[in-house]
Structure formats: C-alpha cells, structure tokens
$ cat target_35.pdb   # PDB, C-alpha atoms
ATOM      1  CA  MET A   1       0.000   0.000   0.000
ATOM      2  CA  HIS A   2       1.328   3.441  -0.904
ATOM      3  CA  PRO A   3       1.748   5.649   2.169
ATOM      4  CA  ARG A   4      -0.082   8.421   0.231
ATOM      5  CA  LEU A   5      -3.272   6.327   0.596
ATOM      6  CA  LEU A   6      -2.837   6.481   4.360
ATOM      7  CA  ILE A   7      -3.756  10.177   4.290
ATOM      8  CA  ARG A   8      -7.338   8.984   3.916
ATOM      9  CA  LEU A   9      -7.163   7.800   7.508
ATOM     10  CA  TYR A  10      -6.979  11.429   8.640
ATOM     11  CA  PRO A  11     -10.151  13.426   9.419
ATOM     12  CA  SER A  12     -11.533  15.331   6.420
ATOM     13  CA  ARG A  13     -11.004  18.698   8.118
ATOM     14  CA  TRP A  14      -7.349  17.828   8.733
ATOM     15  CA  ARG A  15      -6.977  16.729   5.085
ATOM     16  CA  ARG A  16      -8.452  19.984   3.778
ATOM     17  CA  ARG A  17      -5.805  21.876   5.700
ATOM     18  CA  TYR A  18      -2.688  19.668   5.380
ATOM     19  CA  GLU A  19      -3.240  17.088   2.608
ATOM     20  CA  ASP A  20      -1.224  18.832  -0.119
ATOM     21  CA  GLU A  21       1.866  19.612   1.918
ATOM     22  CA  PHE A  22       1.697  16.328   3.856
ATOM     23  CA  GLY A  23       1.367  14.397   0.571
ATOM     24  CA  ALA A  24       4.378  16.247  -0.845
ATOM     25  CA  LEU A  25       6.384  15.270   2.233
ATOM     26  CA  LEU A  26       5.317  11.602   2.033
ATOM     27  CA  GLU A  27       6.452  11.472  -1.585
ATOM     28  CA  GLN A  28       9.981  12.385  -0.423
ATOM     29  CA  GLU A  29      10.156   9.745   2.315
ATOM     30  CA  PRO A  30      11.167   6.159   1.486
ATOM     31  CA  TRP A  31       8.438   3.604   2.215
ATOM     32  CA  SER A  32       8.937   1.527   5.353
ATOM     33  CA  ALA A  33       6.848  -0.192   8.018
ATOM     34  CA  ARG A  34       8.030   2.488  10.478
ATOM     35  CA  LEU A  35       6.712   5.207   8.180
ATOM     36  CA  VAL A  36       3.312   3.486   7.883
ATOM     37  CA  LEU A  37       3.062   3.092  11.658
ATOM     38  CA  ASP A  38       4.031   6.730  12.150
ATOM     39  CA  VAL A  39       1.382   7.971   9.722
ATOM     40  CA  VAL A  40      -1.301   5.704  11.229
ATOM     41  CA  ALA A  41      -0.424   7.000  14.708
ATOM     42  CA  GLY A  42      -0.538  10.567  13.369
ATOM     43  CA  ALA A  43      -4.005   9.941  11.892
ATOM     44  CA  LEU A  44      -5.222   8.564  15.217
ATOM     45  CA  GLY A  45      -3.821  11.620  16.993
ATOM     46  CA  ALA A  46      -5.548  13.933  14.513
ATOM     47  CA  HIS A  47      -8.899  12.246  15.255
ATOM     48  CA  LEU A  48      -8.349  12.766  18.969
ATOM     49  CA  ALA A  49      -6.959  16.327  18.588
ATOM     50  CA  PRO A  50      -8.706  18.776  20.900
ATOM     51  CA  TYR A  51      -7.398  21.827  18.993
ATOM     52  CA  PRO A  52      -9.049  23.574  16.035
ATOM     53  CA  ILE A  53      -7.614  23.020  12.557
ATOM     54  CA  SER A  54      -8.152  25.705   9.969
ATOM     55  CA  SER A  55      -6.218  26.658   6.871
ATOM     56  CA  PRO A  56      -4.449  30.028   6.596
ATOM     57  CA  GLU A  57      -6.937  30.915   3.851
ATOM     58  CA  GLU A  58      -9.909  30.064   6.115
ATOM     59  CA  ARG A  59      -8.418  32.087   8.954
ATOM     60  CA  ALA A  60      -7.744  35.042   6.635
ATOM     61  CA  MET A  61     -11.317  34.869   5.309
ATOM     62  CA  THR A  62     -12.765  34.714   8.847
ATOM     63  CA  SER A  63     -10.578  37.645   9.850
ATOM     64  CA  ARG A  64     -11.743  39.673   6.814
ATOM     65  CA  ARG A  65     -15.384  38.857   7.623
ATOM     66  CA  ILE A  66     -14.976  39.931  11.239
ATOM     67  CA  ASP A  67     -13.330  43.184  10.127
ATOM     68  CA  SER A  68     -16.148  43.844   7.628
ATOM     69  CA  VAL A  69     -18.800  43.319  10.316
ATOM     70  CA  VAL A  70     -16.947  45.573  12.775
ATOM     71  CA  ALA A  71     -16.453  48.290  10.116
ATOM     72  CA  PHE A  72     -20.166  48.068   9.195
ATOM     73  CA  ALA A  73     -21.119  48.313  12.890
ATOM     74  CA  ALA A  74     -18.877  51.398  13.268
ATOM     75  CA  THR A  75     -20.634  53.001  10.286
ATOM     76  CA  LEU A  76     -24.050  52.275  11.799
ATOM     77  CA  LEU A  77     -22.919  53.750  15.117
ATOM     78  CA  VAL A  78     -21.844  57.051  13.598
ATOM     79  CA  LEU A  79     -24.715  57.287  11.065
ATOM     80  CA  PRO A  80     -27.298  58.813  13.484
ATOM     81  CA  ALA A  81     -24.851  61.595  14.409
ATOM     82  CA  VAL A  82     -24.201  62.331  10.710
ATOM     83  CA  ILE A  83     -27.944  62.493   9.998
ATOM     84  CA  VAL A  84     -28.590  64.788  12.973
ATOM     85  CA  LEU A  85     -25.723  67.143  12.098
ATOM     86  CA  ALA A  86     -26.716  67.240   8.418
ATOM     87  CA  SER A  87     -30.338  67.935   9.441
ATOM     88  CA  SER A  88     -29.263  70.779  11.705
ATOM     89  CA  VAL A  89     -27.437  72.435   8.773
ATOM     90  CA  ILE A  90     -30.005  71.721   6.031
ATOM     91  CA  ARG A  91     -32.921  73.109   8.080
ATOM     92  CA  LEU A  92     -31.103  76.477   8.258
ATOM     93  CA  MET A  93     -30.502  76.684   4.506
ATOM     94  CA  GLN A  94     -34.135  77.100   3.476
ATOM     95  CA  PRO A  95     -37.499  78.132   4.923
ATOM     96  CA  VAL A  96     -38.815  74.996   6.673
ATOM     97  CA  GLN A  97     -41.941  74.760   4.497
ATOM     98  CA  TYR A  98     -39.719  73.616   1.598
ATOM     99  CA  GLN A  99     -38.049  70.227   1.203
ATOM    100  CA  PRO A 100     -35.484  69.055   2.211
ATOM    101  CA  ALA A 101     -35.483  71.663   5.032
ATOM    102  CA  HIS A 102     -38.923  70.476   6.169
ATOM    103  CA  ALA A 103     -37.782  66.850   6.648
ATOM    104  CA  ALA A 104     -34.489  68.012   8.194
ATOM    105  CA  ASP A 105     -36.343  70.214  10.670
ATOM    106  CA  ALA A 106     -38.647  67.315  11.624
ATOM    107  CA  ILE A 107     -35.630  65.017  12.231
ATOM    108  CA  PHE A 108     -33.767  67.642  14.229
ATOM    109  CA  THR A 109     -36.830  68.543  16.356
ATOM    110  CA  TRP A 110     -37.450  64.851  17.096
ATOM    111  CA  PHE A 111     -33.770  64.367  18.019
ATOM    112  CA  VAL A 112     -33.879  67.302  20.461
ATOM    113  CA  SER A 113     -37.088  65.944  21.996
ATOM    114  CA  ILE A 114     -35.611  62.509  22.830
ATOM    115  CA  ASN A 115     -32.681  64.053  24.711
ATOM    116  CA  ALA A 116     -30.078  61.629  23.310
ATOM    117  CA  GLY A 117     -27.360  64.173  22.500
ATOM    118  CA  PRO A 118     -24.508  62.726  24.605
ATOM    119  CA  LEU A 119     -25.179  59.192  23.428
ATOM    120  CA  VAL A 120     -25.579  59.936  19.708
ATOM    121  CA  LEU A 121     -23.093  62.791  19.336
ATOM    122  CA  VAL A 122     -20.325  61.725  21.757
ATOM    123  CA  VAL A 123     -20.438  58.090  22.925
ATOM    124  CA  ALA A 124     -21.384  56.475  19.589
ATOM    125  CA  PRO A 125     -18.802  58.410  17.490
ATOM    126  CA  ILE A 126     -16.035  57.647  20.020
ATOM    127  CA  LEU A 127     -16.948  53.950  19.922
ATOM    128  CA  ALA A 128     -17.090  54.068  16.103
ATOM    129  CA  LEU A 129     -13.684  55.747  15.989
ATOM    130  CA  VAL A 130     -12.108  53.097  18.236
ATOM    131  CA  LEU A 131     -13.656  50.230  16.247
ATOM    132  CA  SER A 132     -12.674  51.680  12.872
ATOM    133  CA  LEU A 133      -9.090  52.345  14.012
ATOM    134  CA  LEU A 134      -8.863  48.735  15.238
ATOM    135  CA  VAL A 135     -10.070  47.457  11.863
ATOM    136  CA  VAL A 136      -7.623  49.658   9.947
ATOM    137  CA  ARG A 137      -4.760  48.523  12.215
ATOM    138  CA  ARG A 138      -5.668  44.831  11.816
ATOM    139  CA  ARG A 139      -6.012  45.110   8.039
ATOM    140  CA  LEU A 140      -2.753  47.048   7.694
ATOM    141  CA  SER A 141      -0.884  44.473   9.769
ATOM    142  CA  SER A 142      -2.241  41.498   7.813
ATOM    143  CA  ASP A 143      -2.286  42.856   4.242
ATOM    144  CA  PRO A 144       1.090  43.849   2.701
ATOM    145  CA  ASP A 145      -0.612  45.222  -0.461
ATOM    146  CA  LEU A 146      -2.781  47.515   1.648
ATOM    147  CA  ARG A 147       0.313  48.677   3.559
ATOM    148  CA  ALA A 148       2.042  49.510   0.272
ATOM    149  CA  ASP A 149      -1.053  51.390  -0.974
ATOM    150  CA  ALA A 150      -1.327  53.318   2.314
ATOM    151  CA  ARG A 151       2.353  54.298   2.145
ATOM    152  CA  LEU A 152       1.831  55.445  -1.455
ATOM    153  CA  LEU A 153      -1.250  57.476  -0.467
ATOM    154  CA  VAL A 154       0.585  59.146   2.412
ATOM    155  CA  GLY A 155       3.564  59.878   0.141
ATOM    156  CA  VAL A 156       1.371  61.438  -2.559
ATOM    157  CA  SER A 157      -0.558  63.483   0.042
ATOM    158  CA  VAL A 158       2.656  64.800   1.599
ATOM    159  CA  ARG A 159       4.031  65.758  -1.829
ATOM    160  CA  LEU A 160       0.776  67.570  -2.698
ATOM    161  CA  LEU A 161       0.701  69.438   0.632
ATOM    162  CA  ARG A 162       4.199  70.743  -0.112
ATOM    163  CA  ARG A 163       2.731  72.565  -3.102
ATOM    164  CA  PRO A 164       0.653  75.461  -1.639
ATOM    165  CA  ALA A 165      -0.669  76.430  -5.082
ATOM    166  CA  VAL A 166      -2.203  72.946  -5.545
ATOM    167  CA  VAL A 167      -3.813  72.998  -2.079
ATOM    168  CA  ALA A 168      -5.185  76.533  -2.534
ATOM    169  CA  GLY A 169      -6.456  75.643  -6.012
ATOM    170  CA  ALA A 170      -8.209  72.497  -4.731
ATOM    171  CA  LEU A 171      -9.824  74.390  -1.841
ATOM    172  CA  ALA A 172     -10.955  77.195  -4.163
ATOM    173  CA  THR A 173     -12.447  74.641  -6.579
ATOM    174  CA  VAL A 174     -14.413  72.850  -3.850
ATOM    175  CA  ALA A 175     -15.616  76.149  -2.301
ATOM    176  CA  SER A 176     -16.676  77.562  -5.707
ATOM    177  CA  LEU A 177     -18.635  74.412  -6.552
ATOM    178  CA  ALA A 178     -20.365  74.441  -3.146
ATOM    179  CA  VAL A 179     -21.369  78.104  -3.543
ATOM    180  CA  LEU A 180     -22.637  77.530  -7.086
ATOM    181  CA  VAL A 181     -24.696  74.477  -6.030
ATOM    182  CA  PHE A 182     -26.189  76.489  -3.152
ATOM    183  CA  VAL A 183     -27.049  79.444  -5.419
ATOM    184  CA  ILE A 184     -28.536  77.254  -8.174
ATOM    185  CA  ASP A 185     -30.569  75.311  -5.597
ATOM    186  CA  HIS A 186     -31.973  78.579  -4.181
ATOM    187  CA  ALA A 187     -32.679  79.960  -7.649
ATOM    188  CA  ILE A 188     -34.657  76.811  -8.572
ATOM    189  CA  ALA A 189     -36.493  76.744  -5.222
ATOM    190  CA  GLY A 190     -37.206  80.492  -5.401
TER     191      GLY A 190
ATOM    192  CA  MET B 191      23.065  -1.487  20.535
ATOM    193  CA  PRO B 192      21.779   2.055  19.990
ATOM    194  CA  ARG B 193      24.162   4.185  17.949
ATOM    195  CA  HIS B 194      23.509   7.343  20.002
ATOM    196  CA  ALA B 195      22.536   8.232  23.564
ATOM    197  CA  SER B 196      19.264   9.793  22.392
ATOM    198  CA  GLU B 197      18.147   6.343  21.198
ATOM    199  CA  ARG B 198      18.623   4.837  24.664
ATOM    200  CA  GLY B 199      16.470   7.400  26.434
ATOM    201  CA  GLN B 200      13.306   9.299  25.652
ATOM    202  CA  PRO B 201      13.842  11.475  22.533
ATOM    203  CA  PRO B 202      13.166  15.206  22.961
ATOM    204  CA  GLU B 203       9.569  16.338  22.497
ATOM    205  CA  PRO B 204       8.860  16.887  18.743
ATOM    206  CA  GLY B 205       7.388  20.348  19.379
ATOM    207  CA  LEU B 206      10.606  21.542  21.004
ATOM    208  CA  LEU B 207      12.687  20.102  18.156
ATOM    209  CA  ILE B 208      10.490  21.840  15.567
ATOM    210  CA  LEU B 209      10.666  25.190  17.368
ATOM    211  CA  THR B 210      14.439  24.826  17.634
ATOM    212  CA  SER B 211      14.705  24.020  13.942
ATOM    213  CA  LEU B 212      12.531  26.998  12.970
ATOM    214  CA  ALA B 213      14.630  29.294  15.185
ATOM    215  CA  GLY B 214      17.170  29.052  12.348
ATOM    216  CA  GLY B 215      14.649  30.402   9.801
ATOM    217  CA  PRO B 216      11.483  29.282   7.959
ATOM    218  CA  LYS B 217      11.451  25.672   6.701
ATOM    219  CA  HIS B 218       9.038  23.249   5.061
ATOM    220  CA  GLY B 219       8.405  19.726   6.397
ATOM    221  CA  TYR B 220      11.226  17.833   4.707
ATOM    222  CA  ALA B 221      13.790  20.549   5.546
ATOM    223  CA  MET B 222      12.667  20.386   9.190
ATOM    224  CA  ILE B 223      13.103  16.587   9.304
ATOM    225  CA  GLU B 224      16.602  16.870   7.844
ATOM    226  CA  ASP B 225      17.566  19.756  10.121
ATOM    227  CA  ILE B 226      16.288  18.000  13.259
ATOM    228  CA  ASP B 227      18.130  14.825  12.248
ATOM    229  CA  ARG B 228      21.295  16.913  11.962
ATOM    230  CA  ILE B 229      20.995  18.888  15.212
ATOM    231  CA  ALA B 230      19.405  16.263  17.505
ATOM    232  CA  ARG B 231      20.016  12.941  15.701
ATOM    233  CA  VAL B 232      16.280  12.258  15.838
ATOM    234  CA  ARG B 233      14.473  11.507  12.589
ATOM    235  CA  LEU B 234      10.823  12.511  12.971
ATOM    236  CA  GLY B 235       8.285  10.587  10.900
ATOM    237  CA  PRO B 236       5.874  12.635   8.743
ATOM    238  CA  GLY B 237       2.913  11.704  10.981
ATOM    239  CA  THR B 238       4.750  12.810  14.114
ATOM    240  CA  LEU B 239       5.975  15.984  12.432
ATOM    241  CA  TYR B 240       2.560  17.078  11.188
ATOM    242  CA  GLY B 241       0.860  16.143  14.471
ATOM    243  CA  ALA B 242       3.276  18.467  16.272
ATOM    244  CA  LEU B 243       3.036  21.168  13.579
ATOM    245  CA  ALA B 244      -0.761  21.243  13.896
ATOM    246  CA  ARG B 245      -0.526  21.554  17.696
ATOM    247  CA  LEU B 246       2.093  24.316  17.508
ATOM    248  CA  GLU B 247       0.086  26.185  14.890
ATOM    249  CA  ALA B 248      -3.103  25.920  16.977
ATOM    250  CA  ARG B 249      -1.184  27.336  19.972
ATOM    251  CA  GLY B 250       0.066  30.243  17.854
ATOM    252  CA  LEU B 251       3.740  29.307  18.260
ATOM    253  CA  ILE B 252       4.371  28.872  14.530
ATOM    254  CA  GLU B 253       2.658  30.196  11.421
ATOM    255  CA  PRO B 254       2.490  28.973   7.823
ATOM    256  CA  LEU B 255       3.898  31.014   4.961
ATOM    257  CA  PRO B 256       2.536  30.927   1.379
ATOM    258  CA  ASP B 257       3.163  27.475  -0.122
ATOM    259  CA  ASP B 258       5.837  26.788  -2.673
ATOM    260  CA  GLU B 259       4.713  24.021  -5.092
ATOM    261  CA  ARG B 260       2.747  22.116  -2.389
ATOM    262  CA  ARG B 261       5.550  22.483   0.161
ATOM    263  CA  ARG B 262       4.453  24.958   2.798
ATOM    264  CA  PRO B 263       7.166  26.609   4.884
ATOM    265  CA  TYR B 264       6.543  27.530   8.529
ATOM    266  CA  GLN B 265       8.117  30.165  10.723
ATOM    267  CA  LEU B 266       8.219  30.987  14.429
ATOM    268  CA  THR B 267       5.792  33.609  15.704
ATOM    269  CA  GLY B 268       6.847  36.154  18.326
ATOM    270  CA  LEU B 269       5.115  34.024  20.945
ATOM    271  CA  GLY B 270       6.876  30.903  19.632
ATOM    272  CA  ARG B 271      10.266  32.592  19.934
ATOM    273  CA  GLU B 272       9.440  33.625  23.501
ATOM    274  CA  VAL B 273       8.203  30.149  24.529
ATOM    275  CA  LEU B 274      11.222  28.450  22.935
ATOM    276  CA  GLY B 275      13.591  30.789  24.776
ATOM    277  CA  GLU B 276      11.917  29.985  28.105
ATOM    278  CA  GLN B 277      11.958  26.207  27.461
ATOM    279  CA  LEU B 278      15.605  26.171  26.402
ATOM    280  CA  ALA B 279      16.640  28.273  29.408
ATOM    281  CA  SER B 280      14.825  25.831  31.701
ATOM    282  CA  ILE B 281      16.467  22.814  30.018
ATOM    283  CA  GLN B 282      19.863  24.495  30.257
ATOM    284  CA  GLN B 283      19.359  25.072  33.991
ATOM    285  CA  ILE B 284      18.395  21.422  34.560
ATOM    286  CA  ALA B 285      21.228  20.183  32.343
ATOM    287  CA  GLU B 286      23.837  22.253  34.167
ATOM    288  CA  ALA B 287      22.600  21.069  37.572
ATOM    289  CA  GLY B 288      22.502  17.435  36.427
ATOM    290  CA  LEU B 289      25.932  17.529  34.834
ATOM    291  CA  ARG B 290      27.410  19.161  37.950
ATOM    292  CA  ARG B 291      25.972  16.389  40.119
ATOM    293  CA  LEU B 292      27.180  13.662  37.760
ATOM    294  CA  ALA B 293      30.655  15.138  37.913
ATOM    295  CA  VAL B 294      30.504  15.137  41.743
ATOM    296  CA  VAL B 295      29.406  11.483  41.820
TER     297      VAL B 295
END

$ encode --input "target_35.pdb" --output "structure tokens"
Amino acid sequence: MHPRLLIRLYPSRWRRRYEDEFGALLEQEPWSARLVLDVVAGALGAHLAPYPISSPEERAMTSRRIDSVVAFAATLLVLPAVIVLASSVIRLMQPVQYQPAHAADAIFTWFVSINAGPLVLVVAPILALVLSLLVVRRRLSSDPDLRADARLLVGVSVRLLRRPAVVAGALATVASLAVLVFVIDHAIAG
Amino acid sequence: MPRHASERGQPPEPGLLILTSLAGGPKHGYAMIEDIDRIARVRLGPGTLYGALARLEARGLIEPLPDDERRRPYQLTGLGREVLGEQLASIQQIAEAGLRRLAVV
C-alpha cells in the first residue's frame, strides 16, 4: 500500500488543511513499516486532537469577515450623528416649508425631543472611531498590499501638501462648486 | 546497541525540536526533518511531524507562509520565539545542575 493512501485515515477537516503539503512530504520519504506506523499514529492523533484546525486561507477569510462586520457596525454607530448634524445644517438653509429643510427640521426637532445628544453625538462616534481604528490597524498588519497602498497614499498626500498652489487651487475649486450648487438650488427653489 | 545516547532514552519532544529548527529560519516539512536529524540525531516521521506542527500552529507558536509548489514553509511567531527561549533556558538550567551532580558522583 502506498503511504499516500494512508492520508485517507486522517479526518476530512485535517486533510483539507494539510493534505497537499503532507502528501508532498510523504512522496519524499522512502516507504517503510516504520513510516506506515508513524502515519497511522498521526491519523489517530488527529482524530483525537482537541485543537481547532483551519487553513491560513480560512483564517484570513474569517478575519476579513470579522473586520467587515466591525467596520459596518462602526458606520451604523456614527450614522445617526451624521444624519442629525446634516439635518441641523439643512434646516437652516431654506425656509422649513420647503423640502429638504422640512424633513431636516422634523428630524432635528425629534432628536432634540428625545434628549439623546450625549449618546448619539459623543459616545457612539467615540466607539465608532475606536472600532474603525482597530479594523484599519488589523487590516494594515495582515495585508502587505494595503500597507504599500497606504504608504503610497501618504507619500502622494505629503508631496501635494508641499505645493501650496495645488492645495489653494483644490480648496478654491471645492468652495466655488459648493457656492454655485447652493445658489442654483436657491434659484430653482425660489 | 543504539548508535547514540538519544536512542537509549526518551527522545526530545517533537514540538521543542520543531521550534528549535525553525529558530534558524522558515522551513518546510522535509527541511525540518533533515535539520532536526542533523541537530538532535532524531528523525521525525511525517505523521509525528505534522501532528506536532498542527498543535504548535493551533497554539500560535508557529505560522504557515505561502506554499511553494505544495511544500508549505513555517516560521516561528513572536510568541513561539518567547516560549522556545523559556523552554531552552529551563532545560539548560536542569542540564547544568545534572551535569554538575554527575561530575561530583
């Protein structure tokens, strides 16, 4: 019997994780009764193993899923604060009988009435910040490509910030567009 | 008659041998067997090796690297390096005490 066939004695979960590399190793070892006994004993041990067996790919996927859930939870935590702050600004931009100021005013008035300011505007954003920083740290430590991209982004940003004309031009562009959108919106509403 | 003292007594625990081998750098299974044979004169069988590798990996003492044509190298983690250092220091202490006493006798 070829020792390679002995891999079938191992639990399926163990085989999914180690079969390829273990098979490659067995192919390099000369066949002997000692080898067969060793593999059979190893298979028995794997059946009795009290520890979890998961492949690096499975662990990486689980880790990515956990990070996605945590990042999504952080977004949900900070979303109410974003809505409240946006409502407080939008309701001041128009008379409240017009939309979207009317809806914004209703949201803001309801928010004030429930007296949840500290929770929504302080506690939840702090929690969201901590969770999102943890996710970013975990992803940066486990993903070399992401680390390279982040370094590139920081490098490009630093180079751009060293050019005051570019920064001033970008700010002027964004401010001009915002003013124009505001004016056009008022002209249409008026 | 055994050709070496390690064959007369209990061979060192496979986990310790693997950690010691990986202290010299990442290795795949066959390279570990050869290295351990060289440094400890113990030839681990593939079943024994992979049983110990799985336990060490589950305890976070070693970690796999991307595979190279079905042969997956492993390396020590920070925790593995720490645990190995502690175990070797303890063995050294026992060995020194034992050897001193043997010399006295």

$ closest_atom_pairs --input "target_35.pdb" --of "chain A" --to "chain B" --cutoff "9 Å" --atoms "all atoms listed in the file" --output "tab-separated table"
residue	atom	partner	partner_atom	distance
A:Tyr18	CA	B:Tyr240	CA	8.2
A:Asp20	CA	B:Arg260	CA	5.6
A:Glu21	CA	B:Arg261	CA	5.0
A:Phe22	CA	B:Pro236	CA	7.4
A:Gly23	CA	B:Arg260	CA	8.4
A:Ala24	CA	B:Arg260	CA	6.3
A:Leu25	CA	B:Tyr220	CA	6.0
A:Leu26	CA	B:Pro236	CA	6.8
A:Gln28	CA	B:Tyr220	CA	7.6
A:Glu29	CA	B:Pro236	CA	8.2
A:Arg34	CA	B:Gly235	CA	8.1
A:Leu35	CA	B:Gly235	CA	6.2
A:Val36	CA	B:Gly237	CA	8.8
A:Leu37	CA	B:Gly237	CA	8.6
A:Asp38	CA	B:Gly237	CA	5.2
A:Val39	CA	B:Gly237	CA	4.2
A:Val40	CA	B:Gly237	CA	7.3
A:Ala41	CA	B:Gly237	CA	6.9
A:Gly42	CA	B:Gly237	CA	4.3
A:Ala43	CA	B:Gly237	CA	7.2
A:Gly45	CA	B:Gly241	CA	7.0
A:Ala46	CA	B:Gly241	CA	6.8
A:Ala49	CA	B:Arg245	CA	8.3
A:Tyr51	CA	B:Ala248	CA	6.3
A:Pro52	CA	B:Ala248	CA	6.5
A:Ile53	CA	B:Ala248	CA	6.9
A:Ser54	CA	B:Ala248	CA	8.6
A:Pro56	CA	B:Pro254	CA	7.1

$ resolve_selection --input "target_35.pdb" --expression "the PyMOL selection byres ((chain A and resi 111) around 12)" --output "mmCIF file with C-alpha atoms, keeping the file's coordinate frame"
data_model
loop_
_atom_site.group_PDB
_atom_site.id
_atom_site.type_symbol
_atom_site.label_atom_id
_atom_site.label_comp_id
_atom_site.auth_asym_id
_atom_site.auth_seq_id
_atom_site.Cartn_x
_atom_site.Cartn_y
_atom_site.Cartn_z
ATOM 1 C CA PRO A 80 -27.298 58.813 13.484
ATOM 2 C CA ALA A 81 -24.851 61.595 14.409
ATOM 3 C CA ILE A 83 -27.944 62.493 9.998
ATOM 4 C CA VAL A 84 -28.590 64.788 12.973
ATOM 5 C CA LEU A 85 -25.723 67.143 12.098
ATOM 6 C CA SER A 87 -30.338 67.935 9.441
ATOM 7 C CA SER A 88 -29.263 70.779 11.705
ATOM 8 C CA ALA A 104 -34.489 68.012 8.194
ATOM 9 C CA ASP A 105 -36.343 70.214 10.670
ATOM 10 C CA ALA A 106 -38.647 67.315 11.624
ATOM 11 C CA ILE A 107 -35.630 65.017 12.231
ATOM 12 C CA PHE A 108 -33.767 67.642 14.229
ATOM 13 C CA THR A 109 -36.830 68.543 16.356
ATOM 14 C CA TRP A 110 -37.450 64.851 17.096
ATOM 15 C CA VAL A 112 -33.879 67.302 20.461
ATOM 16 C CA SER A 113 -37.088 65.944 21.996
ATOM 17 C CA ILE A 114 -35.611 62.509 22.830
ATOM 18 C CA ASN A 115 -32.681 64.053 24.711
ATOM 19 C CA ALA A 116 -30.078 61.629 23.310
ATOM 20 C CA GLY A 117 -27.360 64.173 22.500
ATOM 21 C CA PRO A 118 -24.508 62.726 24.605
ATOM 22 C CA LEU A 119 -25.179 59.192 23.428
ATOM 23 C CA VAL A 120 -25.579 59.936 19.708
ATOM 24 C CA LEU A 121 -23.093 62.791 19.336
#

$ resolve_selection --input "target_35.pdb" --expression "the PyMOL selection byres ((chain B and resi 265-277) around 12)" --output "NGL selection string"
:B and (202-203 or 205-219 or 222 or 243 or 246-256 or 262-264 or 278-284)

$ atom_distance --input "target_35.pdb" --atom1 "CA of Arg59 (chain A)" --atom2 "CA of Ser141 (chain A)"
14.5 Å

$ atom_distance --input "target_35.pdb" --atom1 "CA of Val96 (chain A)" --atom2 "CA of His186 (chain A)"
13.3 Å

$ atom_distance --input "target_35.pdb" --atom1 "CA of Ala148 (chain A)" --atom2 "CA of Ala73 (chain A)"
26.4 Å

$ resolve_selection --input "target_35.pdb" --expression "the PyMOL selection byres ((chain A and resi 67) around 12)" --output "list in words"
Ala60, Met61, Thr62, Ser63, Arg64, Arg65, Ile66, Ser68, Val69, Val70, Ala71, Phe72, Ala73, Ala74, Leu131, Ser132, Leu133, Leu134, Val135, Val136, Arg137, Arg138, Arg139, Leu140 and Ser142 of chain A

$ closest_residue --input "target_35.pdb" --among "A:Thr75, A:Ser12, A:Ser32, A:Ser176" --to "Ala128 (chain A)" --atoms "only C-alpha atoms"
A:Thr75

$ build_atoms --input "target_35.pdb" --residues "region 150-161 of chain A" --atoms "N, CA and C atoms" --output "CSV table (one decimal), in the coordinates of the input"
chain,number,residue,atom,x,y,z
A,150,ALA,N,-1.2,52.3,1.3
A,150,ALA,CA,-1.3,53.3,2.3
A,150,ALA,C,-0.1,54.2,2.3
A,151,ARG,N,1.1,53.5,2.2
A,151,ARG,CA,2.4,54.3,2.1
A,151,ARG,C,2.4,55.2,0.9
A,152,LEU,N,1.9,54.7,-0.2
A,152,LEU,CA,1.8,55.4,-1.5
A,152,LEU,C,0.9,56.6,-1.3
A,153,LEU,N,-0.3,56.4,-0.7
A,153,LEU,CA,-1.2,57.5,-0.5
A,153,LEU,C,-0.7,58.6,0.4
A,154,VAL,N,0.0,58.2,1.5
A,154,VAL,CA,0.6,59.1,2.4
A,154,VAL,C,1.7,59.9,1.7
A,155,GLY,N,2.5,59.2,0.9
A,155,GLY,CA,3.6,59.9,0.1
A,155,GLY,C,3.0,60.9,-0.8
A,156,VAL,N,2.0,60.5,-1.6
A,156,VAL,CA,1.4,61.4,-2.6
A,156,VAL,C,0.8,62.6,-1.8
A,157,SER,N,0.1,62.4,-0.7
A,157,SER,CA,-0.6,63.5,0.0
A,157,SER,C,0.5,64.5,0.5
A,158,VAL,N,1.6,63.9,1.1
A,158,VAL,CA,2.7,64.8,1.6
A,158,VAL,C,3.2,65.6,0.5
A,159,ARG,N,3.5,65.0,-0.7
A,159,ARG,CA,4.0,65.8,-1.8
A,159,ARG,C,3.1,66.9,-2.3
A,160,LEU,N,1.8,66.6,-2.3
A,160,LEU,CA,0.8,67.6,-2.7
A,160,LEU,C,0.7,68.7,-1.7
A,161,LEU,N,0.8,68.4,-0.4
A,161,LEU,CA,0.7,69.4,0.6
A,161,LEU,C,1.9,70.4,0.6
